[in-house]
$ cat run-v6.cif   # mmCIF, C-alpha atoms, pLDDT in the B column; chains and numbers go by the auth columns
data_target
#
loop_
_atom_site.group_PDB
_atom_site.id
_atom_site.type_symbol
_atom_site.label_atom_id
_atom_site.label_comp_id
_atom_site.label_asym_id
_atom_site.label_seq_id
_atom_site.Cartn_x
_atom_site.Cartn_y
_atom_site.Cartn_z
_atom_site.B_iso_or_equiv
_atom_site.auth_seq_id
_atom_site.auth_asym_id
ATOM 1 C CA MET A 1 70.936 -154.000 -56.898 74.00 108 A
ATOM 2 C CA VAL A 2 68.800 -157.035 -56.221 60.00 109 A
ATOM 3 C CA VAL A 3 66.954 -158.338 -53.160 52.00 110 A
ATOM 4 C CA PRO A 4 67.573 -160.825 -51.638 43.00 111 A
ATOM 5 C CA TRP A 5 71.248 -161.708 -51.798 36.00 112 A
ATOM 6 C CA TYR A 6 73.154 -164.886 -52.555 34.00 113 A
ATOM 7 C CA PRO A 7 76.280 -165.545 -50.449 32.00 114 A
ATOM 8 C CA ARG A 8 79.444 -163.839 -51.645 38.00 115 A
ATOM 9 C CA SER A 9 82.160 -161.682 -50.143 42.00 116 A
ATOM 10 C CA TRP A 10 81.038 -158.067 -49.737 42.00 117 A
ATOM 11 C CA ALA A 11 84.249 -156.546 -48.352 50.00 118 A
ATOM 12 C CA PRO A 12 85.882 -156.006 -51.783 49.00 119 A
ATOM 13 C CA LEU A 13 82.897 -153.863 -52.762 51.00 120 A
ATOM 14 C CA ALA A 14 83.622 -151.398 -49.967 53.00 121 A
ATOM 15 C CA ALA A 15 87.255 -151.315 -51.015 53.00 122 A
ATOM 16 C CA ALA A 16 86.216 -150.752 -54.620 51.00 123 A
ATOM 17 C CA LEU A 17 84.084 -147.780 -53.618 55.00 124 A
ATOM 18 C CA THR A 18 87.024 -146.251 -51.771 48.00 125 A
ATOM 19 C CA LEU A 19 89.197 -146.802 -54.838 46.00 126 A
ATOM 20 C CA LEU A 20 86.647 -144.977 -56.971 46.00 127 A
ATOM 21 C CA LEU A 21 87.027 -141.977 -54.684 44.00 128 A
ATOM 22 C CA VAL A 22 90.808 -142.050 -54.921 39.00 129 A
ATOM 23 C CA THR A 23 90.766 -142.341 -58.699 36.00 130 A
ATOM 24 C CA GLY A 24 88.251 -139.537 -59.063 35.00 131 A
ATOM 25 C CA CYS A 25 85.181 -141.353 -60.344 34.00 132 A
ATOM 26 C CA GLY A 26 82.306 -138.895 -60.131 32.00 133 A
ATOM 27 C CA GLY A 27 79.071 -137.628 -61.552 32.00 134 A
ATOM 28 C CA GLY A 28 78.406 -137.101 -65.187 28.00 135 A
ATOM 29 C CA VAL A 29 77.835 -133.845 -66.972 24.00 136 A
ATOM 30 C CA VAL A 30 74.033 -134.055 -67.048 24.00 137 A
ATOM 31 C CA PRO A 31 72.661 -131.548 -64.509 26.00 138 A
ATOM 32 C CA PRO A 32 70.108 -133.125 -62.149 27.00 139 A
ATOM 33 C CA PRO A 33 67.084 -131.441 -60.609 29.00 140 A
ATOM 34 C CA THR A 34 67.539 -129.165 -57.631 26.00 141 A
ATOM 35 C CA VAL A 35 68.499 -131.330 -54.662 28.00 142 A
ATOM 36 C CA GLU A 36 68.810 -130.307 -51.036 31.00 143 A
ATOM 37 C CA SER A 37 68.845 -133.609 -49.207 34.00 144 A
ATOM 38 C CA SER A 38 70.225 -136.632 -51.010 34.00 145 A
ATOM 39 C CA SER A 39 70.899 -139.561 -50.222 34.00 146 A
ATOM 40 C CA ALA A 40 70.447 -145.261 -49.761 32.00 147 A
ATOM 41 C CA ALA A 41 69.044 -152.968 -45.278 30.00 148 A
ATOM 42 C CA PRO A 42 68.897 -155.805 -43.838 28.00 149 A
ATOM 43 C CA GLY A 43 67.139 -158.712 -42.361 28.00 150 A
ATOM 44 C CA PRO A 44 68.256 -162.018 -41.037 26.00 151 A
ATOM 45 C CA PRO A 45 71.416 -162.143 -38.949 28.00 152 A
ATOM 46 C CA SER A 46 74.745 -162.954 -40.573 29.00 153 A
ATOM 47 C CA GLY A 47 74.920 -166.576 -41.606 29.00 154 A
ATOM 48 C CA ALA A 48 71.199 -166.903 -42.166 26.00 155 A
ATOM 49 C CA THR A 49 70.077 -168.677 -45.307 25.00 156 A
ATOM 50 C CA PRO A 50 68.169 -166.375 -47.650 27.00 157 A
ATOM 51 C CA GLY A 51 64.740 -167.466 -48.721 28.00 158 A
ATOM 52 C CA THR A 52 63.493 -167.927 -52.251 25.00 159 A
ATOM 53 C CA PRO A 53 64.430 -164.840 -54.283 26.00 160 A
ATOM 54 C CA THR A 54 61.560 -162.497 -54.996 26.00 161 A
ATOM 55 C CA PRO A 55 61.782 -161.308 -58.587 26.00 162 A
ATOM 56 C CA LEU A 56 61.909 -157.545 -58.902 25.00 163 A
ATOM 57 C CA THR A 57 61.921 -157.339 -62.680 29.00 164 A
ATOM 58 C CA SER A 58 59.317 -155.230 -64.372 28.00 165 A
ATOM 59 C CA PRO A 59 58.097 -154.879 -67.965 30.00 166 A
ATOM 60 C CA ASP A 60 58.799 -151.150 -67.674 34.00 167 A
ATOM 61 C CA ALA A 61 61.194 -150.723 -70.613 31.00 168 A
ATOM 62 C CA THR A 62 61.863 -147.064 -69.865 39.00 169 A
ATOM 63 C CA ASP A 63 64.307 -147.787 -67.055 40.00 170 A
ATOM 64 C CA GLY A 64 66.149 -150.887 -68.182 42.00 171 A
ATOM 65 C CA GLY A 65 63.691 -153.574 -67.149 39.00 172 A
ATOM 66 C CA THR A 66 63.506 -152.991 -63.381 52.00 173 A
ATOM 67 C CA GLY A 67 60.972 -150.318 -62.461 90.00 174 A
ATOM 68 C CA VAL A 68 61.902 -147.457 -60.200 94.00 175 A
ATOM 69 C CA GLU A 69 58.884 -148.244 -58.026 94.00 176 A
ATOM 70 C CA GLU A 70 60.088 -151.808 -57.471 94.00 177 A
ATOM 71 C CA ASP A 71 63.541 -150.580 -56.508 95.00 178 A
ATOM 72 C CA ILE A 72 62.070 -148.025 -54.117 96.00 179 A
ATOM 73 C CA ASN A 73 59.936 -150.689 -52.443 95.00 180 A
ATOM 74 C CA ALA A 74 62.941 -152.991 -52.185 96.00 181 A
ATOM 75 C CA ALA A 75 65.101 -150.219 -50.705 96.00 182 A
ATOM 76 C CA VAL A 76 62.470 -149.429 -48.070 97.00 183 A
ATOM 77 C CA SER A 77 62.114 -153.106 -47.170 96.00 184 A
ATOM 78 C CA VAL A 78 65.859 -153.701 -46.950 97.00 185 A
ATOM 79 C CA THR A 79 66.516 -150.572 -44.893 98.00 186 A
ATOM 80 C CA THR A 80 63.738 -151.044 -42.368 96.00 187 A
ATOM 81 C CA THR A 81 64.682 -154.699 -41.912 97.00 188 A
ATOM 82 C CA TYR A 82 68.293 -153.760 -41.203 98.00 189 A
ATOM 83 C CA TRP A 83 67.444 -151.270 -38.476 98.00 190 A
ATOM 84 C CA GLN A 84 64.817 -153.517 -36.897 97.00 191 A
ATOM 85 C CA THR A 85 67.295 -156.386 -36.827 97.00 192 A
ATOM 86 C CA HIS A 86 70.392 -154.568 -35.627 98.00 193 A
ATOM 87 C CA TRP A 87 69.086 -151.779 -33.419 98.00 194 A
ATOM 88 C CA PRO A 88 69.159 -153.924 -30.236 96.00 195 A
ATOM 89 C CA GLU A 89 72.823 -154.772 -30.937 96.00 196 A
ATOM 90 C CA LEU A 90 73.768 -151.121 -31.331 96.00 197 A
ATOM 91 C CA PHE A 91 71.653 -148.961 -29.029 95.00 198 A
ATOM 92 C CA THR A 92 69.603 -149.143 -25.865 91.00 199 A
ATOM 93 C CA GLY A 93 65.851 -148.696 -25.935 91.00 200 A
ATOM 94 C CA GLY A 94 63.315 -149.877 -28.429 93.00 201 A
ATOM 95 C CA TYR A 95 63.174 -149.034 -32.111 95.00 202 A
ATOM 96 C CA ASN A 96 60.156 -147.785 -34.008 95.00 203 A
ATOM 97 C CA PRO A 97 60.609 -147.141 -37.740 96.00 204 A
ATOM 98 C CA PRO A 98 59.702 -143.780 -39.238 97.00 205 A
ATOM 99 C CA ARG A 99 56.495 -143.436 -41.176 97.00 206 A
ATOM 100 C CA ILE A 100 56.828 -143.786 -44.941 97.00 207 A
ATOM 101 C CA LEU A 101 54.891 -140.942 -46.517 95.00 208 A
ATOM 102 C CA GLY A 102 56.418 -141.965 -49.833 93.00 209 A
ATOM 103 C CA VAL A 103 55.877 -140.178 -53.110 94.00 210 A
ATOM 104 C CA TYR A 104 54.976 -136.519 -53.407 94.00 211 A
ATOM 105 C CA ASP A 105 55.135 -133.971 -56.221 92.00 212 A
ATOM 106 C CA GLY A 106 56.711 -130.757 -55.036 89.00 213 A
ATOM 107 C CA ASP A 107 55.617 -128.945 -58.179 87.00 214 A
ATOM 108 C CA THR A 108 51.871 -129.260 -57.618 88.00 215 A
ATOM 109 C CA PRO A 109 49.344 -127.686 -55.244 88.00 216 A
ATOM 110 C CA GLY A 110 48.677 -129.602 -52.067 88.00 217 A
ATOM 111 C CA THR A 111 52.280 -130.657 -51.486 91.00 218 A
ATOM 112 C CA PRO A 112 52.650 -132.192 -48.007 93.00 219 A
ATOM 113 C CA VAL A 113 54.215 -129.970 -45.370 94.00 220 A
ATOM 114 C CA CYS A 114 56.933 -130.416 -42.794 94.00 221 A
ATOM 115 C CA GLY A 115 56.017 -128.107 -39.967 92.00 222 A
ATOM 116 C CA SER A 116 54.557 -125.176 -41.858 89.00 223 A
ATOM 117 C CA GLU A 117 56.734 -125.501 -44.982 91.00 224 A
ATOM 118 C CA PRO A 118 55.801 -127.454 -48.135 93.00 225 A
ATOM 119 C CA LEU A 119 58.199 -130.267 -48.968 93.00 226 A
ATOM 120 C CA PRO A 120 60.848 -129.105 -51.449 90.00 227 A
ATOM 121 C CA ASP A 121 60.550 -129.819 -55.151 90.00 228 A
ATOM 122 C CA ASP A 122 62.787 -132.508 -56.692 88.00 229 A
ATOM 123 C CA ASN A 123 64.033 -133.672 -53.342 90.00 230 A
ATOM 124 C CA ALA A 124 63.872 -136.335 -50.651 92.00 231 A
ATOM 125 C CA VAL A 125 63.444 -135.595 -46.958 94.00 232 A
ATOM 126 C CA TYR A 126 63.124 -136.876 -43.445 96.00 233 A
ATOM 127 C CA CYS A 127 60.687 -134.681 -41.535 96.00 234 A
ATOM 128 C CA PRO A 128 61.087 -134.776 -37.724 96.00 235 A
ATOM 129 C CA ASP A 129 57.697 -133.090 -37.373 95.00 236 A
ATOM 130 C CA GLY A 130 55.600 -136.125 -38.202 94.00 237 A
ATOM 131 C CA ASP A 131 58.556 -138.531 -38.193 97.00 238 A
ATOM 132 C CA TYR A 132 58.234 -139.453 -41.851 97.00 239 A
ATOM 133 C CA ILE A 133 60.325 -140.020 -44.969 97.00 240 A
ATOM 134 C CA ALA A 134 59.182 -138.821 -48.384 96.00 241 A
ATOM 135 C CA TRP A 135 60.597 -138.334 -51.853 95.00 242 A
ATOM 136 C CA ASP A 136 59.689 -136.424 -54.989 94.00 243 A
ATOM 137 C CA MET A 137 59.315 -138.965 -57.787 94.00 244 A
ATOM 138 C CA ASP A 138 61.044 -136.647 -60.251 92.00 245 A
ATOM 139 C CA LEU A 139 64.243 -136.949 -58.207 91.00 246 A
ATOM 140 C CA MET A 140 63.931 -140.730 -58.031 94.00 247 A
ATOM 141 C CA ARG A 141 63.287 -141.124 -61.749 94.00 248 A
ATOM 142 C CA PHE A 142 66.168 -138.821 -62.617 90.00 249 A
ATOM 143 C CA GLY A 143 68.583 -140.749 -60.411 91.00 250 A
ATOM 144 C CA HIS A 144 67.273 -144.162 -61.428 93.00 251 A
ATOM 145 C CA ALA A 145 68.114 -143.317 -65.024 92.00 252 A
ATOM 146 C CA ARG A 146 71.742 -142.979 -63.884 90.00 253 A
ATOM 147 C CA GLY A 147 71.593 -146.305 -62.018 92.00 254 A
ATOM 148 C CA ASP A 148 69.279 -148.155 -59.652 92.00 255 A
ATOM 149 C CA ALA A 149 71.727 -147.785 -56.728 93.00 256 A
ATOM 150 C CA TRP A 150 70.612 -144.140 -56.545 92.00 257 A
ATOM 151 C CA VAL A 151 67.243 -144.894 -54.924 94.00 258 A
ATOM 152 C CA TYR A 152 68.817 -147.227 -52.347 96.00 259 A
ATOM 153 C CA LEU A 153 71.234 -144.451 -51.395 95.00 260 A
ATOM 154 C CA VAL A 154 68.539 -141.785 -51.156 94.00 261 A
ATOM 155 C CA ILE A 155 66.296 -143.884 -48.913 97.00 262 A
ATOM 156 C CA ALA A 156 69.112 -145.177 -46.702 97.00 263 A
ATOM 157 C CA HIS A 157 70.444 -141.619 -46.294 96.00 264 A
ATOM 158 C CA GLU A 158 67.078 -140.151 -45.285 96.00 265 A
ATOM 159 C CA TRP A 159 66.550 -143.097 -42.936 98.00 266 A
ATOM 160 C CA GLY A 160 69.869 -142.122 -41.388 98.00 267 A
ATOM 161 C CA HIS A 161 68.295 -138.806 -40.402 97.00 268 A
ATOM 162 C CA ALA A 162 65.395 -140.675 -38.817 98.00 269 A
ATOM 163 C CA VAL A 163 67.922 -142.696 -36.818 98.00 270 A
ATOM 164 C CA GLN A 164 69.680 -139.492 -35.715 97.00 271 A
ATOM 165 C CA ASN A 165 66.339 -138.268 -34.404 96.00 272 A
ATOM 166 C CA ARG A 166 66.149 -141.389 -32.215 97.00 273 A
ATOM 167 C CA LEU A 167 69.641 -141.089 -30.715 95.00 274 A
ATOM 168 C CA ASP A 168 70.955 -139.237 -27.702 94.00 275 A
ATOM 169 C CA ALA A 169 72.417 -135.893 -28.753 93.00 276 A
ATOM 170 C CA GLY A 170 75.943 -137.076 -27.956 94.00 277 A
ATOM 171 C CA LEU A 171 75.675 -139.750 -30.646 96.00 278 A
ATOM 172 C CA VAL A 172 74.756 -137.321 -33.397 95.00 279 A
ATOM 173 C CA ASP A 173 77.668 -135.900 -35.367 93.00 280 A
ATOM 174 C CA LEU A 174 77.760 -132.155 -35.949 91.00 281 A
ATOM 175 C CA ALA A 175 78.177 -133.032 -39.634 91.00 282 A
ATOM 176 C CA ARG A 176 74.690 -134.505 -39.748 93.00 283 A
ATOM 177 C CA GLU A 177 74.513 -134.951 -43.516 91.00 284 A
ATOM 178 C CA LEU A 178 77.852 -136.736 -43.694 93.00 285 A
ATOM 179 C CA GLN A 179 76.879 -138.941 -40.766 96.00 286 A
ATOM 180 C CA ALA A 180 73.719 -139.869 -42.666 95.00 287 A
ATOM 181 C CA ASP A 181 75.933 -140.863 -45.609 94.00 288 A
ATOM 182 C CA CYS A 182 78.007 -143.010 -43.270 97.00 289 A
ATOM 183 C CA LEU A 183 74.895 -144.694 -41.888 98.00 290 A
ATOM 184 C CA ALA A 184 73.678 -145.319 -45.432 97.00 291 A
ATOM 185 C CA GLY A 185 76.936 -147.089 -46.246 97.00 292 A
ATOM 186 C CA ALA A 186 76.671 -149.173 -43.079 97.00 293 A
ATOM 187 C CA VAL A 187 73.115 -150.188 -43.932 98.00 294 A
ATOM 188 C CA LEU A 188 73.637 -151.088 -47.576 97.00 295 A
ATOM 189 C CA PHE A 189 76.830 -153.058 -47.045 96.00 296 A
ATOM 190 C CA GLY A 190 75.460 -154.500 -43.818 97.00 297 A
ATOM 191 C CA ALA A 191 72.486 -155.751 -45.812 96.00 298 A
ATOM 192 C CA ALA A 192 74.858 -157.503 -48.192 95.00 299 A
ATOM 193 C CA GLN A 193 76.608 -159.110 -45.237 95.00 300 A
ATOM 194 C CA ASP A 194 73.267 -160.172 -43.747 95.00 301 A
ATOM 195 C CA GLY A 195 72.066 -161.763 -46.946 94.00 302 A
ATOM 196 C CA THR A 196 69.268 -159.388 -47.972 95.00 303 A
ATOM 197 C CA LEU A 197 70.915 -157.400 -50.769 94.00 304 A
ATOM 198 C CA THR A 198 73.308 -158.126 -53.606 92.00 305 A
ATOM 199 C CA PHE A 199 75.585 -155.673 -55.335 91.00 306 A
ATOM 200 C CA GLU A 200 75.557 -156.176 -59.081 88.00 307 A
ATOM 201 C CA GLU A 201 78.348 -155.191 -61.427 88.00 308 A
ATOM 202 C CA GLY A 202 78.541 -151.414 -61.662 90.00 309 A
ATOM 203 C CA ASP A 203 76.697 -150.656 -58.405 91.00 310 A
ATOM 204 C CA THR A 204 79.769 -149.249 -56.647 90.00 311 A
ATOM 205 C CA GLU A 205 80.340 -146.903 -59.579 91.00 312 A
ATOM 206 C CA GLU A 206 76.701 -145.841 -59.396 91.00 313 A
ATOM 207 C CA LEU A 207 77.003 -145.099 -55.673 91.00 314 A
ATOM 208 C CA ALA A 208 80.130 -143.010 -56.199 88.00 315 A
ATOM 209 C CA ASP A 209 78.410 -141.200 -59.065 87.00 316 A
ATOM 210 C CA ALA A 210 75.326 -140.463 -56.964 86.00 317 A
ATOM 211 C CA LEU A 211 77.334 -139.203 -53.984 86.00 318 A
ATOM 212 C CA THR A 212 79.326 -136.959 -56.313 81.00 319 A
ATOM 213 C CA ALA A 213 76.295 -135.690 -58.212 78.00 320 A
ATOM 214 C CA LEU A 214 74.642 -134.744 -54.915 66.00 321 A
ATOM 215 C CA ALA A 215 77.711 -133.060 -53.417 64.00 322 A
ATOM 216 C CA ASP A 216 78.095 -129.409 -52.555 54.00 323 A
ATOM 217 C CA ARG A 217 80.442 -128.476 -55.397 46.00 324 A
ATOM 218 C CA THR A 218 77.535 -128.301 -57.789 43.00 325 A
ATOM 219 C CA PRO A 219 75.007 -125.584 -58.577 40.00 326 A
ATOM 220 C CA TRP A 220 72.111 -127.573 -57.109 40.00 327 A
ATOM 221 C CA THR A 221 73.095 -128.043 -53.445 50.00 328 A
ATOM 222 C CA ASP A 222 73.809 -125.714 -50.532 51.00 329 A
ATOM 223 C CA VAL A 223 77.494 -125.112 -49.855 45.00 330 A
ATOM 224 C CA SER A 224 78.668 -126.501 -46.473 51.00 331 A
ATOM 225 C CA ASP A 225 75.480 -128.525 -46.140 54.00 332 A
ATOM 226 C CA HIS A 226 76.206 -132.041 -47.399 56.00 333 A
ATOM 227 C CA GLY A 227 79.960 -131.934 -47.940 63.00 334 A
ATOM 228 C CA ASP A 228 81.941 -132.147 -51.147 73.00 335 A
ATOM 229 C CA ALA A 229 82.222 -135.280 -53.255 77.00 336 A
ATOM 230 C CA SER A 230 85.381 -136.474 -51.503 83.00 337 A
ATOM 231 C CA GLN A 231 83.824 -136.106 -48.048 86.00 338 A
ATOM 232 C CA ARG A 232 80.572 -137.798 -49.042 89.00 339 A
ATOM 233 C CA VAL A 233 82.244 -140.851 -50.538 90.00 340 A
ATOM 234 C CA SER A 234 84.708 -140.983 -47.639 91.00 341 A
ATOM 235 C CA TYR A 235 81.952 -141.036 -45.001 93.00 342 A
ATOM 236 C CA PHE A 236 79.861 -143.515 -46.969 94.00 343 A
ATOM 237 C CA SER A 237 82.891 -145.774 -47.388 94.00 344 A
ATOM 238 C CA ARG A 238 83.641 -145.589 -43.657 95.00 345 A
ATOM 239 C CA GLY A 239 80.204 -146.947 -42.848 96.00 346 A
ATOM 240 C CA ALA A 240 80.473 -149.556 -45.584 96.00 347 A
ATOM 241 C CA ARG A 241 83.796 -150.834 -44.243 95.00 348 A
ATOM 242 C CA SER A 242 83.271 -150.565 -40.506 95.00 349 A
ATOM 243 C CA GLY A 243 79.555 -150.441 -39.754 97.00 350 A
ATOM 244 C CA VAL A 244 77.228 -148.192 -37.782 97.00 351 A
ATOM 245 C CA LYS A 245 79.494 -147.640 -34.784 96.00 352 A
ATOM 246 C CA SER A 246 82.159 -146.099 -37.014 97.00 353 A
ATOM 247 C CA CYS A 247 79.633 -143.371 -37.872 97.00 354 A
ATOM 248 C CA LEU A 248 79.308 -142.181 -34.262 96.00 355 A
ATOM 249 C CA PRO A 249 81.371 -139.296 -32.850 92.00 356 A
ATOM 250 C CA ASN A 250 84.877 -140.300 -31.744 74.00 357 A
ATOM 251 C CA ALA A 251 84.169 -139.749 -28.077 46.00 358 A
ATOM 252 C CA VAL A 252 81.477 -142.404 -27.931 53.00 359 A
ATOM 253 C CA ARG A 253 82.696 -145.061 -30.375 51.00 360 A
#
$ encode --input "run-v6.cif" --output "structure tokens"
Amino acid sequence: MVVPWYPRSWAPLAAALTLLLVTGCGGGVVPPPTVESSSAAPGPPSGATPGTPTPLTSPDATDGGTGVEEDINAAVSVTTTYWQTHWPELFTGGYNPPRILGVYDGDTPGTPVCGSEPLPDDNAVYCPDGDYIAWDMDLMRFGHARGDAWVYLVIAHEWGHAVQNRLDAGLVDLARELQADCLAGAVLFGAAQDGTLTFEEGDTEELADALTALADRTPWTDVSDHGDASQRVSYFSRGARSGVKSCLPNAVR
């Protein structure tokens, strides 16, 4: 993925992601680190002309030329811009972004806490107590090796939890993790529509792979927590196709 975006049709990308679900595209056989909360926009309104592209390439040869740190920074920028831009169109009241705690190492002393509990190893989280988003760099590096779309998904998903924390209870789905996947899809594809993000060849496959790798039918996630691969891709695709409002409970859409 690259920021910003040059004009092109984004709708076929959402359809392609849905097709990947139907045809069974999923995660590889390499077991990732333990993951509890996975996840992965936007700026000027639709029709705006993007500014001069900011190069995100890096001499870091270990991850294909674009550094994981650059992709993380881009994902944070794209996601916060989307919510700041579109919140007034979607919800009443003002919007304040969550705090970005950023990188932590869950395998070392002095790990930050959420409430009274240390943040989990090899994970990414939104912590309501402190209203912050953080991620273990081991998780990000592992996923980035599979494809750079991973970090966009993780950050957009955790940001979805921050959004849930800002909504009236009636707007929060009982399936909170799947709703966060839906919001991530709405943000990433909404960013493409806005003109702040471009999907490169292979990104839809990477998103389907990441959603599958972080699904419940694996040894590294809690059963009934995030949903199986089919559910995760389905919810993400719903948001990608139909936007934020499609992620809200039926009664209030």
$ resolve_selection --input "run-v6.cif" --expression "the PyMOL selection byres ((chain A and resi 255) around 10)" --output "PyMOL selection string"
chain A and resi 108-109+170-171+173-175+178-179+247-248+250-254+256-260+310+313-314
$ residues_around --input "run-v6.cif" --residues "range 198-200 of chain A" --least-positions-apart "4" --cutoff "10 Å" --atoms "all atoms listed in the file" --output "list in words"
His193, Trp194, Arg273, Leu274, Asp275 and Lys352 of chain A
$ residues_near_point --input "run-v6.cif" --point "(59.3, -129.4, -53.0)" --cutoff "9 Å" --atoms "all atoms listed in the file" --output "PDB file with C-alpha atoms, in the coordinates of the input"
ATOM      1  CA  TYR A 211      54.976-136.519 -53.407  1.00 94.00           C
ATOM      2  CA  ASP A 212      55.135-133.971 -56.221  1.00 92.00           C
ATOM      3  CA  GLY A 213      56.711-130.757 -55.036  1.00 89.00           C
ATOM      4  CA  ASP A 214      55.617-128.945 -58.179  1.00 87.00           C
ATOM      5  CA  THR A 215      51.871-129.260 -57.618  1.00 88.00           C
ATOM      6  CA  THR A 218      52.280-130.657 -51.486  1.00 91.00           C
ATOM      7  CA  PRO A 219      52.650-132.192 -48.007  1.00 93.00           C
ATOM      8  CA  PRO A 225      55.801-127.454 -48.135  1.00 93.00           C
ATOM      9  CA  LEU A 226      58.199-130.267 -48.968  1.00 93.00           C
ATOM     10  CA  PRO A 227      60.848-129.105 -51.449  1.00 90.00           C
ATOM     11  CA  ASP A 228      60.550-129.819 -55.151  1.00 90.00           C
ATOM     12  CA  ASP A 229      62.787-132.508 -56.692  1.00 88.00           C
ATOM     13  CA  ASN A 230      64.033-133.672 -53.342  1.00 90.00           C
ATOM     14  CA  ALA A 231      63.872-136.335 -50.651  1.00 92.00           C
ATOM     15  CA  ASP A 243      59.689-136.424 -54.989  1.00 94.00           C
TER      16      ASP A 243
END
$ residues_around --input "run-v6.cif" --residues "Asp288 in chain A" --least-positions-apart "2" --cutoff "12 Å" --atoms "only C-alpha atoms" --output "CSV table (one decimal) with C-alpha atoms, in the coordinates of the input"
chain,number,residue,atom,x,y,z
A,144,SER,CA,68.8,-133.6,-49.2
A,145,SER,CA,70.2,-136.6,-51.0
A,146,SER,CA,70.9,-139.6,-50.2
A,147,ALA,CA,70.4,-145.3,-49.8
A,259,TYR,CA,68.8,-147.2,-52.3
A,260,LEU,CA,71.2,-144.5,-51.4
A,261,VAL,CA,68.5,-141.8,-51.2
A,262,ILE,CA,66.3,-143.9,-48.9
A,263,ALA,CA,69.1,-145.2,-46.7
A,264,HIS,CA,70.4,-141.6,-46.3
A,265,GLU,CA,67.1,-140.2,-45.3
A,266,TRP,CA,66.6,-143.1,-42.9
A,267,GLY,CA,69.9,-142.1,-41.4
A,268,HIS,CA,68.3,-138.8,-40.4
A,271,GLN,CA,69.7,-139.5,-35.7
A,280,ASP,CA,77.7,-135.9,-35.4
A,282,ALA,CA,78.2,-133.0,-39.6
A,283,ARG,CA,74.7,-134.5,-39.7
A,284,GLU,CA,74.5,-135.0,-43.5
A,285,LEU,CA,77.9,-136.7,-43.7
A,286,GLN,CA,76.9,-138.9,-40.8
A,290,LEU,CA,74.9,-144.7,-41.9
A,291,ALA,CA,73.7,-145.3,-45.4
A,292,GLY,CA,76.9,-147.1,-46.2
A,293,ALA,CA,76.7,-149.2,-43.1
A,294,VAL,CA,73.1,-150.2,-43.9
A,295,LEU,CA,73.6,-151.1,-47.6
A,314,LEU,CA,77.0,-145.1,-55.7
A,315,ALA,CA,80.1,-143.0,-56.2
A,317,ALA,CA,75.3,-140.5,-57.0
A,318,LEU,CA,77.3,-139.2,-54.0
A,319,THR,CA,79.3,-137.0,-56.3
A,321,LEU,CA,74.6,-134.7,-54.9
A,322,ALA,CA,77.7,-133.1,-53.4
A,333,HIS,CA,76.2,-132.0,-47.4
A,334,GLY,CA,80.0,-131.9,-47.9
A,335,ASP,CA,81.9,-132.1,-51.1
A,336,ALA,CA,82.2,-135.3,-53.3
A,337,SER,CA,85.4,-136.5,-51.5
A,338,GLN,CA,83.8,-136.1,-48.0
A,339,ARG,CA,80.6,-137.8,-49.0
A,340,VAL,CA,82.2,-140.9,-50.5
A,341,SER,CA,84.7,-141.0,-47.6
A,342,TYR,CA,82.0,-141.0,-45.0
A,343,PHE,CA,79.9,-143.5,-47.0
A,344,SER,CA,82.9,-145.8,-47.4
A,345,ARG,CA,83.6,-145.6,-43.7
A,346,GLY,CA,80.2,-146.9,-42.8
A,347,ALA,CA,80.5,-149.6,-45.6
A,350,GLY,CA,79.6,-150.4,-39.8
A,351,VAL,CA,77.2,-148.2,-37.8
A,353,SER,CA,82.2,-146.1,-37.0
A,354,CYS,CA,79.6,-143.4,-37.9
A,355,LEU,CA,79.3,-142.2,-34.3
$ resolve_selection --input "run-v6.cif" --expression "the PyMOL selection byres ((chain A and resi 221) around 12)" --output "MDAnalysis selection string"
chainID A and resid 208 218:220 222:227 232:241
$ axis_aligned_box --input "run-v6.cif" --around "range 275-290 of chain A" --padding-each-side "5 Å" --output "AutoDock Vina command-line options"
--center_x 74.6 --center_y -138.4 --center_z -36.7 --size_x 17.2 --size_y 22.5 --size_z 27.9
$ residues_around --input "run-v6.cif" --residues "Thr186 in chain A" --least-positions-apart "2" --cutoff "7 Å" --atoms "only C-alpha atoms" --output "number ranges by chain"
A: 148-149, 182-184, 188-190, 263, 294
$ atom_distance --input "run-v6.cif" --atom1 "CA of Val210 in chain A" --atom2 "CA of Gln191 in chain A"
22.8 Å
$ atom_distance --input "run-v6.cif" --atom1 "CA of Pro356 in chain A" --atom2 "CA of Tyr202 in chain A"
20.7 Å
$ atom_distance --input "run-v6.cif" --atom1 "CA of Pro205 in chain A" --atom2 "CA of Thr187 in chain A"
8.9 Å
